[in-house]
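Below: the structure, in C-alpha cells.
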Amino acid sequence: MVTESWALLRDGIAALWQQIYPGQGEVIARDLDAIREEMRNPVGEDAPTAEVVQQEWRRRLRRHLEENPELVPQLEQLLDSLQVAAPAPRQVHQTARATGGSTVNQAGGNITIVTTK
C-alpha cells in the first residue's frame, strides 16, 4: 500500500464502484482508507490480517465483476497501471570478509552507523 500506488488503486476501485453503484464511489474510497489504516495500525487480536482483507476484497470484486462484466477491461487497465507505478524489486547480493579485527557493515538500503568512543 505504497502512497502513489495506493492512491491509484483507491481511486480506480472507487471509480469502478461509482459505475456500479452511482453515488457510492466516495463511500468505498473511505472504506478502503479505513481498511488501510487498520492494516497499518492494527489494534487487538481481532485485527484482520492482510490475507483476510485480500480475500474479502477479491470476493467482493469478483462478485461485482460477474454482475458487471463490462467493467473487467477497466479493472485490467487499473491493474496494469499499478504495475507501472510500482517500483521494480531490487536484488542485492553482498559478500564481505572481516579480517584482522576489522568490522563490516552491510545494508541493502539505507544504513546509519554511529560509533562512540
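How things are named: the first chain in the C-alpha cells is A, the next is B, and so on; residues count from 1 in each chain; ligands count from 1 in the order shown.
Summary of the local environment: counting only C-alpha atoms, residues at most 12 Å from Trp57 (chain A), other than itself and those fewer than 4 positions away along its chain, are Ile13, Ile28, Asp31, Leu32, Ile35, Ala50, Glu51, Val52, Val53, Leu61, Arg62, Arg63, His64 and Leu65 of chain A.
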Export of prior selection with all heavy atoms as an mmCIF file, in the first residue's frame:
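Written out: again_21.cif:
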data_model
loop_
_atom_site.group_PDB
_atom_site.id
_atom_site.type_symbol
_atom_site.label_atom_id
_atom_site.label_comp_id
_atom_site.auth_asym_id
_atom_site.auth_seq_id
_atom_site.Cartn_x
_atom_site.Cartn_y
_atom_site.Cartn_z
ATOM 1 N N ILE A 13 -10.603 1.820 -7.875
ATOM 2 C CA ILE A 13 -11.688 0.978 -7.341
ATOM 3 C C ILE A 13 -12.917 1.839 -7.060
ATOM 4 O O ILE A 13 -14.040 1.439 -7.349
ATOM 5 C CB ILE A 13 -11.232 0.232 -6.065
ATOM 6 C CG1 ILE A 13 -10.110 -0.758 -6.400
ATOM 7 C CG2 ILE A 13 -12.402 -0.472 -5.395
ATOM 8 C CD1 ILE A 13 -10.486 -1.873 -7.335
ATOM 9 N N ILE A 28 -16.835 4.022 -0.871
ATOM 10 C CA ILE A 28 -15.869 2.931 -0.998
ATOM 11 C C ILE A 28 -14.450 3.447 -0.803
ATOM 12 O O ILE A 28 -13.617 2.758 -0.215
ATOM 13 C CB ILE A 28 -16.050 2.175 -2.333
ATOM 14 C CG1 ILE A 28 -15.447 0.770 -2.226
ATOM 15 C CG2 ILE A 28 -15.421 2.885 -3.479
ATOM 16 C CD1 ILE A 28 -16.181 -0.145 -1.338
ATOM 17 N N ASP A 31 -13.989 3.641 2.852
ATOM 18 C CA ASP A 31 -13.846 2.285 3.391
ATOM 19 C C ASP A 31 -12.438 1.754 3.148
ATOM 20 O O ASP A 31 -11.826 1.156 4.037
ATOM 21 C CB ASP A 31 -14.852 1.326 2.751
ATOM 22 C CG ASP A 31 -16.264 1.525 3.257
ATOM 23 O OD1 ASP A 31 -16.458 2.270 4.239
ATOM 24 O OD2 ASP A 31 -17.175 0.932 2.653
ATOM 25 N N LEU A 32 -11.927 1.955 1.944
ATOM 26 C CA LEU A 32 -10.581 1.479 1.620
ATOM 27 C C LEU A 32 -9.535 2.184 2.475
ATOM 28 O O LEU A 32 -8.587 1.554 2.949
ATOM 29 C CB LEU A 32 -10.298 1.677 0.131
ATOM 30 C CG LEU A 32 -11.057 0.732 -0.804
ATOM 31 C CD1 LEU A 32 -10.931 1.206 -2.248
ATOM 32 C CD2 LEU A 32 -10.573 -0.689 -0.653
ATOM 33 N N ILE A 35 -9.667 0.687 5.965
ATOM 34 C CA ILE A 35 -9.036 -0.632 5.994
ATOM 35 C C ILE A 35 -7.523 -0.491 5.940
ATOM 36 O O ILE A 35 -6.793 -1.177 6.660
ATOM 37 C CB ILE A 35 -9.546 -1.500 4.836
ATOM 38 C CG1 ILE A 35 -11.003 -1.872 5.084
ATOM 39 C CG2 ILE A 35 -8.685 -2.746 4.652
ATOM 40 C CD1 ILE A 35 -11.692 -2.463 3.879
ATOM 41 N N ALA A 50 -3.542 -9.153 6.462
ATOM 42 C CA ALA A 50 -3.548 -8.752 5.055
ATOM 43 C C ALA A 50 -4.208 -9.829 4.203
ATOM 44 O O ALA A 50 -4.955 -9.519 3.273
ATOM 45 C CB ALA A 50 -2.118 -8.487 4.579
ATOM 46 N N GLU A 51 -3.966 -11.074 4.536
ATOM 47 C CA GLU A 51 -4.553 -12.178 3.765
ATOM 48 C C GLU A 51 -6.079 -12.162 3.846
ATOM 49 O O GLU A 51 -6.764 -12.334 2.842
ATOM 50 C CB GLU A 51 -4.012 -13.506 4.283
ATOM 51 C CG GLU A 51 -4.482 -14.700 3.483
ATOM 52 C CD GLU A 51 -3.891 -15.998 3.991
ATOM 53 O OE1 GLU A 51 -2.750 -15.990 4.489
ATOM 54 O OE2 GLU A 51 -4.586 -17.022 3.885
ATOM 55 N N VAL A 52 -6.614 -11.932 5.026
ATOM 56 C CA VAL A 52 -8.063 -11.891 5.211
ATOM 57 C C VAL A 52 -8.662 -10.733 4.413
ATOM 58 O O VAL A 52 -9.681 -10.880 3.730
ATOM 59 C CB VAL A 52 -8.427 -11.778 6.710
ATOM 60 C CG1 VAL A 52 -9.897 -11.458 6.911
ATOM 61 C CG2 VAL A 52 -8.035 -13.048 7.435
ATOM 62 N N VAL A 53 -8.030 -9.572 4.491
ATOM 63 C CA VAL A 53 -8.525 -8.399 3.761
ATOM 64 C C VAL A 53 -8.474 -8.650 2.255
ATOM 65 O O VAL A 53 -9.421 -8.351 1.530
ATOM 66 C CB VAL A 53 -7.716 -7.140 4.145
ATOM 67 C CG1 VAL A 53 -8.060 -5.972 3.246
ATOM 68 C CG2 VAL A 53 -7.972 -6.786 5.601
ATOM 69 N N LEU A 61 -14.886 -7.972 -5.354
ATOM 70 C CA LEU A 61 -14.632 -7.570 -6.737
ATOM 71 C C LEU A 61 -15.123 -8.615 -7.722
ATOM 72 O O LEU A 61 -15.751 -8.289 -8.737
ATOM 73 C CB LEU A 61 -13.143 -7.301 -6.967
ATOM 74 C CG LEU A 61 -12.643 -5.933 -6.559
ATOM 75 C CD1 LEU A 61 -11.125 -5.884 -6.628
ATOM 76 C CD2 LEU A 61 -13.252 -4.842 -7.409
ATOM 77 N N ARG A 62 -14.828 -9.873 -7.432
ATOM 78 C CA ARG A 62 -15.260 -10.949 -8.333
ATOM 79 C C ARG A 62 -16.777 -10.942 -8.495
ATOM 80 O O ARG A 62 -17.295 -11.017 -9.605
ATOM 81 C CB ARG A 62 -14.780 -12.307 -7.810
ATOM 82 C CG ARG A 62 -15.065 -13.446 -8.777
ATOM 83 C CD ARG A 62 -14.581 -14.806 -8.270
ATOM 84 N NE ARG A 62 -13.192 -14.780 -7.869
ATOM 85 C CZ ARG A 62 -12.759 -15.033 -6.629
ATOM 86 N NH1 ARG A 62 -13.605 -15.328 -5.667
ATOM 87 N NH2 ARG A 62 -11.476 -15.000 -6.349
ATOM 88 N N ARG A 63 -17.483 -10.832 -7.387
ATOM 89 C CA ARG A 63 -18.951 -10.836 -7.438
ATOM 90 C C ARG A 63 -19.473 -9.653 -8.262
ATOM 91 O O ARG A 63 -20.340 -9.819 -9.129
ATOM 92 C CB ARG A 63 -19.529 -10.790 -6.015
ATOM 93 C CG ARG A 63 -21.041 -10.911 -5.992
ATOM 94 C CD ARG A 63 -21.600 -10.933 -4.582
ATOM 95 N NE ARG A 63 -21.407 -9.654 -3.914
ATOM 96 C CZ ARG A 63 -20.646 -9.460 -2.832
ATOM 97 N NH1 ARG A 63 -19.994 -10.464 -2.283
ATOM 98 N NH2 ARG A 63 -20.530 -8.280 -2.281
ATOM 99 N N HIS A 64 -18.927 -8.478 -8.029
ATOM 100 C CA HIS A 64 -19.407 -7.308 -8.750
ATOM 101 C C HIS A 64 -19.020 -7.347 -10.223
ATOM 102 O O HIS A 64 -19.774 -6.889 -11.083
ATOM 103 C CB HIS A 64 -18.902 -6.023 -8.092
ATOM 104 C CG HIS A 64 -19.498 -5.806 -6.732
ATOM 105 N ND1 HIS A 64 -20.843 -5.685 -6.514
ATOM 106 C CD2 HIS A 64 -18.917 -5.715 -5.513
ATOM 107 C CE1 HIS A 64 -21.080 -5.517 -5.234
ATOM 108 N NE2 HIS A 64 -19.918 -5.542 -4.594
ATOM 109 N N LEU A 65 -17.863 -7.905 -10.522
ATOM 110 C CA LEU A 65 -17.453 -8.005 -11.923
ATOM 111 C C LEU A 65 -18.239 -9.085 -12.665
ATOM 112 O O LEU A 65 -18.506 -8.947 -13.860
ATOM 113 C CB LEU A 65 -15.953 -8.258 -12.037
ATOM 114 C CG LEU A 65 -15.086 -7.072 -11.609
ATOM 115 C CD1 LEU A 65 -13.625 -7.474 -11.548
ATOM 116 C CD2 LEU A 65 -15.288 -5.875 -12.529
#
* To do: Just the helix (DSSP H, G or I) stuff from region 5-100 of chain A, please, per backbone DSSP, written as a PyMOL selection string.
  => chain A and resi 5-20+25-40+50-67+69-85
* Contacts of Gln106 (chain A) at 9 Å or less, counting only C-alpha atoms, minus same-chain residues fewer than 6 places along, as a VMD selection string? -> chain A and resid 94 to 96
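Atom to atom, CA of Tyr21 (chain A) and CA of Val72 (chain A) stand 15.6 Å apart.
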